[in-house]
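The file final11.txt contains compact mmCIF, C-alpha atoms:
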# COMPACT_ATOMS: atom_id res chain seq x y z
CA MET A 514 0.00 0.00 0.00
CA HIS A 515 1.47 3.37 -1.03
CA LEU A 516 0.88 6.15 1.47
CA PRO A 517 1.42 9.79 0.47
CA PRO A 518 4.35 11.77 2.00
CA TRP A 519 1.97 14.00 4.02
CA PHE A 520 0.74 10.92 5.90
CA TRP A 521 4.24 9.98 7.10
CA PHE A 522 5.05 13.59 8.00
CA SER A 523 1.79 13.68 10.00
CA VAL A 524 2.75 10.45 11.83
CA THR A 525 6.08 12.12 12.72
CA VAL A 526 4.11 15.10 14.12
CA LEU A 527 1.91 12.72 16.14
CA PHE A 528 4.90 11.05 17.81
CA ALA A 529 6.85 14.29 18.40
CA TRP A 530 3.86 16.17 19.85
CA GLY A 531 2.72 13.03 21.70
CA VAL A 532 5.97 13.15 23.69
CA VAL A 533 5.56 16.95 23.98
CA GLY A 534 2.22 16.35 25.74
CA LEU A 535 4.06 14.31 28.37
CA LEU A 536 6.89 16.85 28.70
CA GLN A 537 4.33 19.64 29.19
CA LYS A 538 2.90 17.78 32.15
CA LEU A 539 6.35 17.01 33.58
CA SER A 540 7.53 20.62 33.20
CA THR A 541 4.40 22.21 34.68
CA ASN A 542 4.66 19.77 37.63
CA ARG A 543 7.88 21.59 38.54
CA LEU A 544 7.50 25.10 37.04
CA SER A 545 4.74 27.70 36.86
CA GLY A 546 2.88 27.78 33.54
CA GLU A 547 4.53 31.09 32.60
CA SER A 548 8.03 29.78 33.29
CA ALA A 549 7.26 26.57 31.38
CA THR A 550 6.17 28.72 28.40
CA ILE A 551 9.39 30.77 28.59
CA TRP A 552 11.55 27.62 28.54
CA LEU A 553 9.41 26.16 25.75
CA ILE A 554 10.23 29.24 23.65
CA VAL A 555 13.92 28.93 24.65
CA GLY A 556 13.69 25.42 23.14
CA PHE A 557 12.22 26.97 19.94
CA LEU A 558 15.16 29.41 19.83
CA LEU A 559 17.78 26.66 20.40
CA PHE A 560 16.35 24.89 17.35
CA LEU A 561 16.90 27.97 15.13
CA PRO A 562 20.53 27.21 14.13
CA ILE A 563 19.39 23.87 12.69
CA VAL A 564 16.87 25.55 10.38
CA PHE A 565 18.76 28.82 9.76
CA PRO A 566 18.24 29.58 6.05
CA GLY A 567 21.58 31.44 5.72
CA ARG A 568 21.99 34.09 3.04
CA ALA A 569 18.92 32.69 1.26
CA ALA A 570 16.89 34.52 3.95
CA LEU A 571 17.70 37.80 2.20
CA HIS A 572 15.95 36.67 -0.97
CA LEU A 573 12.81 35.14 0.53
CA SER A 574 9.33 36.49 -0.10
CA LEU A 575 8.50 39.15 2.51
CA THR A 576 4.84 38.06 2.68
CA ALA A 577 5.75 34.40 3.28
CA THR A 578 8.38 35.44 5.83
CA MET A 579 5.83 37.55 7.71
CA LEU A 580 3.41 34.59 7.63
CA GLY A 581 6.12 32.45 9.22
CA VAL A 582 6.69 35.02 11.98
CA LEU A 583 2.92 35.43 12.47
CA SER A 584 2.43 31.65 12.71
CA GLY A 585 4.98 31.51 15.56
CA LEU A 586 3.36 34.42 17.36
CA LEU A 587 -0.15 32.96 16.98
CA ASN A 588 0.99 29.54 18.18
CA ALA A 589 2.64 31.04 21.27
CA LEU A 590 -0.38 33.31 21.89
CA GLY A 591 -2.69 30.27 21.75
CA ALA A 592 -0.49 28.40 24.24
CA TRP A 593 -0.49 31.39 26.60
CA ALA A 594 -4.27 31.84 26.35
CA LEU A 595 -4.70 28.13 27.17
CA LEU A 596 -2.53 28.62 30.23
CA GLU A 597 -4.57 31.67 31.30
CA ALA A 598 -7.82 29.71 30.78
CA MET A 599 -6.57 27.02 33.17
CA ARG A 600 -5.30 29.60 35.67
CA SER A 601 -8.53 31.61 35.68
CA GLY A 602 -10.64 28.71 36.91
CA GLY A 603 -11.34 26.74 33.75
CA LYS A 604 -11.44 23.03 34.49
CA ALA A 605 -8.79 21.06 32.56
CA SER A 606 -11.49 18.53 31.64
CA VAL A 607 -13.43 21.31 29.87
CA VAL A 608 -10.67 23.62 28.61
CA ALA A 609 -8.51 20.83 27.05
CA PRO A 610 -11.22 19.32 24.81
CA PHE A 611 -12.58 22.81 23.99
CA THR A 612 -9.21 24.11 22.78
CA ALA A 613 -8.45 20.82 20.99
CA MET A 614 -11.30 21.69 18.64
CA TYR A 615 -9.20 24.24 16.70
CA PRO A 616 -9.00 21.92 13.64
CA MET A 617 -12.77 22.34 13.32
CA VAL A 618 -12.23 26.04 12.53
CA VAL A 619 -9.65 25.04 9.89
CA VAL A 620 -12.08 22.52 8.37
CA VAL A 621 -14.74 25.26 8.11
CA VAL A 622 -12.54 28.08 6.77
CA ALA A 623 -10.14 26.08 4.52
CA PRO A 624 -12.61 25.85 1.58
CA PHE A 625 -13.05 29.67 1.62
CA ILE A 626 -9.45 30.79 2.28
CA LEU A 627 -7.43 27.99 0.70
CA HIS A 628 -10.02 26.84 -1.86
CA GLU A 629 -9.55 23.23 -0.75
CA THR A 630 -12.27 20.63 -0.57
CA ILE A 631 -12.33 17.31 1.25
CA THR A 632 -13.84 14.03 0.04
CA ALA A 633 -16.74 12.37 1.90
CA LEU A 634 -14.31 9.72 3.20
CA GLN A 635 -11.87 12.36 4.48
CA GLY A 636 -14.85 14.13 6.07
CA LEU A 637 -15.70 10.91 7.93
CA GLY A 638 -12.07 10.71 9.06
CA VAL A 639 -12.20 14.31 10.31
CA ILE A 640 -15.37 13.56 12.33
CA CYS A 641 -13.73 10.44 13.86
CA ALA A 642 -10.56 12.41 14.64
CA LEU A 643 -12.39 15.33 16.28
CA THR A 644 -14.44 12.88 18.38
CA ALA A 645 -11.21 11.12 19.37
CA VAL A 646 -9.51 14.40 20.33
CA ALA A 647 -12.48 15.43 22.51
CA LEU A 648 -12.55 12.02 24.24
CA LEU A 649 -8.78 11.76 24.69
CA SER A 650 -8.49 15.24 26.19
CA THR A 651 -10.87 14.51 29.07
CA MET B 349 -28.84 31.40 31.55
CA ALA B 350 -26.05 28.82 31.79
CA ILE B 351 -24.67 29.99 28.46
CA LEU B 352 -24.80 33.64 29.57
CA THR B 353 -22.92 32.76 32.76
CA LYS B 354 -20.27 30.94 30.72
CA LEU B 355 -19.85 33.96 28.45
CA GLN B 356 -18.97 36.14 31.45
CA VAL B 357 -16.03 34.06 32.64
CA LYS B 358 -12.43 34.70 31.64
CA TRP B 359 -11.49 31.07 30.97
CA PHE B 360 -14.15 30.79 28.24
CA TRP B 361 -12.75 33.74 26.28
CA CYS B 362 -9.17 32.57 26.82
CA SER B 363 -10.10 29.11 25.51
CA LEU B 364 -11.84 30.67 22.52
CA LEU B 365 -8.74 32.79 21.86
CA THR B 366 -6.65 29.57 21.86
CA VAL B 367 -8.97 27.93 19.33
CA LEU B 368 -8.90 30.97 17.01
CA ALA B 369 -5.15 31.61 17.40
CA TRP B 370 -4.24 27.99 16.67
CA ALA B 371 -6.61 27.80 13.69
CA ALA B 372 -5.06 31.02 12.32
CA TRP B 373 -1.56 29.59 13.00
CA ALA B 374 -2.40 26.48 10.90
CA ILE B 375 -3.75 28.61 8.02
CA CYS B 376 -0.72 30.98 8.11
CA ALA B 377 1.65 27.99 8.23
CA LYS B 378 -0.07 26.44 5.21
CA ILE B 379 -0.06 29.62 3.09
CA GLY B 380 3.54 30.46 4.06
CA SER B 381 4.76 26.93 3.30
CA ASN B 382 3.47 27.28 -0.26
CA GLU B 383 6.41 29.65 -0.85
CA LEU B 384 9.04 28.89 1.80
CA SER B 385 10.76 25.61 2.66
CA ALA B 386 9.66 23.87 5.87
CA SER B 387 12.98 24.74 7.57
CA ALA B 388 12.79 28.45 6.60
CA MET B 389 9.19 28.60 7.89
CA GLN B 390 10.30 26.93 11.15
CA PHE B 391 13.07 29.52 11.52
CA PHE B 392 10.64 32.43 11.26
CA PHE B 393 8.15 30.58 13.50
CA GLY B 394 10.78 30.57 16.28
CA ILE B 395 11.49 34.27 15.73
CA GLY B 396 7.75 34.99 15.94
CA ALA B 397 7.35 33.19 19.29
CA ALA B 398 10.28 35.03 20.93
CA PRO B 399 8.42 38.29 21.81
CA LEU B 400 6.00 36.33 24.01
CA ALA B 401 8.91 34.93 26.06
CA LEU B 402 10.19 38.48 26.50
CA LEU B 403 6.74 39.68 27.54
CA LEU B 404 6.42 36.88 30.12
CA LEU B 405 9.93 37.60 31.41
CA ILE B 406 9.02 41.27 31.90
CA LYS B 407 5.80 40.19 33.65
CA GLN B 408 7.86 37.99 36.00
CA GLY B 409 10.36 40.80 36.66
CA PHE B 410 13.14 38.74 35.03
CA LYS B 411 13.03 36.27 37.95
CA PHE B 412 13.85 32.67 37.04
CA GLU B 413 12.64 29.54 38.76
CA ARG B 414 15.70 27.36 39.39
CA ASP B 415 14.32 23.83 39.15
CA SER B 416 16.87 22.34 36.74
CA LEU B 417 14.79 19.26 35.91
CA GLY B 418 11.76 21.47 35.21
CA ILE B 419 13.91 23.67 32.95
CA PHE B 420 15.23 20.56 31.18
CA TYR B 421 11.66 19.34 30.52
CA GLY B 422 10.63 22.82 29.35
CA VAL B 423 13.51 23.20 26.89
CA ALA B 424 13.10 19.60 25.64
CA ASN B 425 9.42 20.47 25.13
CA GLY B 426 10.41 23.39 22.87
CA LEU B 427 12.96 21.34 20.90
CA LEU B 428 10.57 18.46 20.29
CA SER B 429 7.70 20.87 19.50
CA SER B 430 9.99 22.35 16.84
CA VAL B 431 10.63 18.90 15.34
CA GLY B 432 6.87 18.28 15.23
CA ASN B 433 6.18 21.71 13.73
CA LEU B 434 8.87 21.16 11.10
CA ALA B 435 7.22 17.86 10.11
CA LEU B 436 3.82 19.61 10.02
CA LEU B 437 5.19 22.27 7.66
CA ALA B 438 6.71 19.51 5.48
CA ALA B 439 3.29 17.80 5.41
CA PHE B 440 1.63 21.08 4.31
CA ARG B 441 4.33 21.61 1.70
CA SER B 442 3.95 18.10 0.29
CA GLY B 443 0.53 19.08 -0.99
CA GLY B 444 -1.79 17.30 1.44
CA ASN B 445 -5.18 18.74 2.33
CA THR B 446 -4.85 21.35 5.12
CA ALA B 447 -8.05 20.37 6.96
CA VAL B 448 -7.11 16.66 6.90
CA ILE B 449 -3.48 17.24 8.00
CA THR B 450 -4.50 19.65 10.78
CA THR B 451 -7.08 17.19 12.09
CA ALA B 452 -4.82 14.12 11.75
CA THR B 453 -1.94 15.80 13.61
CA SER B 454 -4.27 16.98 16.38
CA LEU B 455 -4.58 13.28 17.35
CA TYR B 456 -1.27 13.48 19.23
CA PRO B 457 -2.98 13.06 22.67
CA MET B 458 -3.34 9.40 21.59
CA ILE B 459 0.45 9.04 21.93
CA THR B 460 0.55 11.17 25.12
CA VAL B 461 -2.09 8.97 26.74
CA GLY B 462 -0.08 5.85 25.79
CA LEU B 463 3.11 7.35 27.23
CA ALA B 464 1.31 8.50 30.40
CA ILE B 465 0.33 4.86 31.02
CA VAL B 466 3.90 3.59 30.56
CA VAL B 467 5.89 6.47 32.12
CA LEU B 468 3.54 8.00 34.69
CA ARG B 469 1.61 4.76 35.46
CA GLU B 470 -1.66 6.56 34.81
CA ARG B 471 -4.78 4.57 34.02
CA LEU B 472 -6.93 4.98 30.92
CA THR B 473 -10.53 6.08 31.49
CA ARG B 474 -13.36 4.51 29.49
CA ARG B 475 -13.76 7.74 27.50
CA GLN B 476 -10.06 7.67 26.62
CA ILE B 477 -10.26 4.03 25.49
CA LEU B 478 -13.16 5.05 23.23
CA GLY B 479 -11.07 8.02 22.05
CA VAL B 480 -8.16 5.73 21.08
CA GLY B 481 -10.65 3.65 19.06
CA PHE B 482 -11.91 6.74 17.18
CA ALA B 483 -8.32 7.92 16.62
CA ALA B 484 -7.31 4.55 15.16
CA ALA B 485 -10.39 4.63 12.89
CA ALA B 486 -9.53 8.16 11.74
CA MET B 487 -5.93 7.23 10.91
CA MET B 488 -7.10 4.16 8.99
CA ILE B 489 -9.55 6.30 6.98
CA PHE B 490 -6.85 8.94 6.26
CA SER B 491 -4.51 6.20 5.02
CA LEU B 492 -7.05 4.96 2.41

Written form, structure tokens:
Amino acid sequence: MHLPPWFWFSVTVLFAWGVVGLLQKLSTNRLSGESATIWLIVGFLLFLPIVFPGRAALHLSLTATMLGVLSGLLNALGAWALLEAMRSGGKASVVAPFTAMYPMVVVVVAPFILHETITALQGLGVICALTAVALLST
Amino acid sequence: MAILTKLQVKWFWCSLLTVLAWAAWAICAKIGSNELSASAMQFFFGIGAAPLALLLLIKQGFKFERDSLGIFYGVANGLLSSVGNLALLAAFRSGGNTAVITTATSLYPMITVGLAIVVLRERLTRRQILGVGFAAAAMMIFSL
């Protein structure tokens, strides 16, 4: 059976972020959420030399570069807001599944912004996945 | 009335902000990766996250907690998150459907739950067992 490259990249994401989920718990057992976020970003910064584009960075599209910067800022903002939700009295059993529903927004807006459509079978997969995420996060 | 009460609490709006920020992050990552390589996008991603660390440091008055194991877990968290994000950008760049990739990769709690059983000796709840079943079904469907 031939599986497309995106599938294997996605499996890599699953395993990497699966371990991240455990590390998040281990780090916040010992540090405040804010400190854990700071050290998380330090980890992001330590990874930069590995992906440094070199002189090619000078010739990259400004729009795409800004999108890259914005994606990092939005990701960090989302993580911080999640932390604040937990700190301000939100139960983990409610906040975690709620915030795990972000792919639903992507599913809804992708056809309009990215002009992508999904097949009925992929739609079924998305429903199964979203159900799984909600159940696993409780 | 219950809905109105929920709308007045901070955690609800913070959670909603997380949902919207992460959805926007996925869309920006997809559009950006149409033009830049996964590694270049990851580089600028790291740059983009840095101001938040600075903001939090200012908020904390530049005081550091000194639990070395906690710091180790935190930094390892960032490094491994970067590896995952790099793979996500590569998946976007390889032409897969954004909605499918975003949903498939959001199944990572399946791995966390498995690790929590082995490493932290936690037990799986019935809901989580059902969740693993749905996750396995989703991955099988995505592989078709």

Take CA of Pro610 in chain A and CA of Leu595 in chain A and report the distance between them in Å, one decimal.
11.2 Å

Which distance in Å separates CA of Ser548 in chain A and CA of Leu586 in chain A, to one decimal?
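If I compute the distance from CA of Ser548 in chain A to CA of Leu586 in chain A, I get 17.2 Å.
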
List the spatial neighbours of Cys376 in chain B as a list in words - criterion: any atom at most 12 Å away, only C-alpha atoms, same-chain residues fewer than 6 positions off excluded.
Thr576, Ala577, Thr578, Met579, Leu580, Gly581, Val582, Leu583, Ser584, Gly585, Leu586, Leu587, Asn588, Val619, Ala623, Ile626 and Leu627 of chain A; Ala369, Trp370, Asn382, Glu383, Leu384, Met389, Phe392, Phe393, Leu437, Phe440 and Thr446 of chain B

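The two atoms in question, CA of Pro457 in chain B and CA of Val480 in chain B, are spaced 9.1 Å apart.
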
Go through A:Phe520, A:Phe611, A:Phe557, A:Trp530 one by one, measure the shortest atom-to-atom distance of each to Val461 in chain B using all atoms listed in the file, and give the residue with the smallest value.
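That would be A:Trp530, the residue with the smallest distance to Val461 in chain B.
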
Env of Pro518 in chain A: 8 Å cut, atoms = only C-alpha atoms, seq-sep filter 2 positions within chain, self excluded. Answer as a VMD selection string.
(chain A and resid 516 520 to 522) or (chain B and resid 439 442)

So, with all atoms listed in the file as the atoms that count, which of A:Ala598, A:Ala570, A:Leu637, A:Val524 lies closest to chain B?
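Answer, going by the shortest atom-to-atom distance: A:Ala598.
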
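Residue nearest chain A within the list B:Leu463, B:Phe410, B:Asn445, B:Gly426: B:Gly426 [criterion: smallest interatomic distance, all atoms listed in the file].
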
Need the shell around Leu544 in chain A: protein/DNA/RNA residues with any atom at most 9 Å away, counting only C-alpha atoms. Skip same-chain ones fewer than 4 positions apart. Format as a CSV table (one decimal) with C-alpha atoms, keeping the file's coordinate frame?
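Result file follows (around_7.csv):
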chain,number,residue,atom,x,y,z
A,539,LEU,CA,6.4,17.0,33.6
A,540,SER,CA,7.5,20.6,33.2
A,548,SER,CA,8.0,29.8,33.3
A,549,ALA,CA,7.3,26.6,31.4
B,413,GLU,CA,12.6,29.5,38.8
B,414,ARG,CA,15.7,27.4,39.4
B,415,ASP,CA,14.3,23.8,39.2
B,418,GLY,CA,11.8,21.5,35.2
B,419,ILE,CA,13.9,23.7,33.0
B,422,GLY,CA,10.6,22.8,29.4
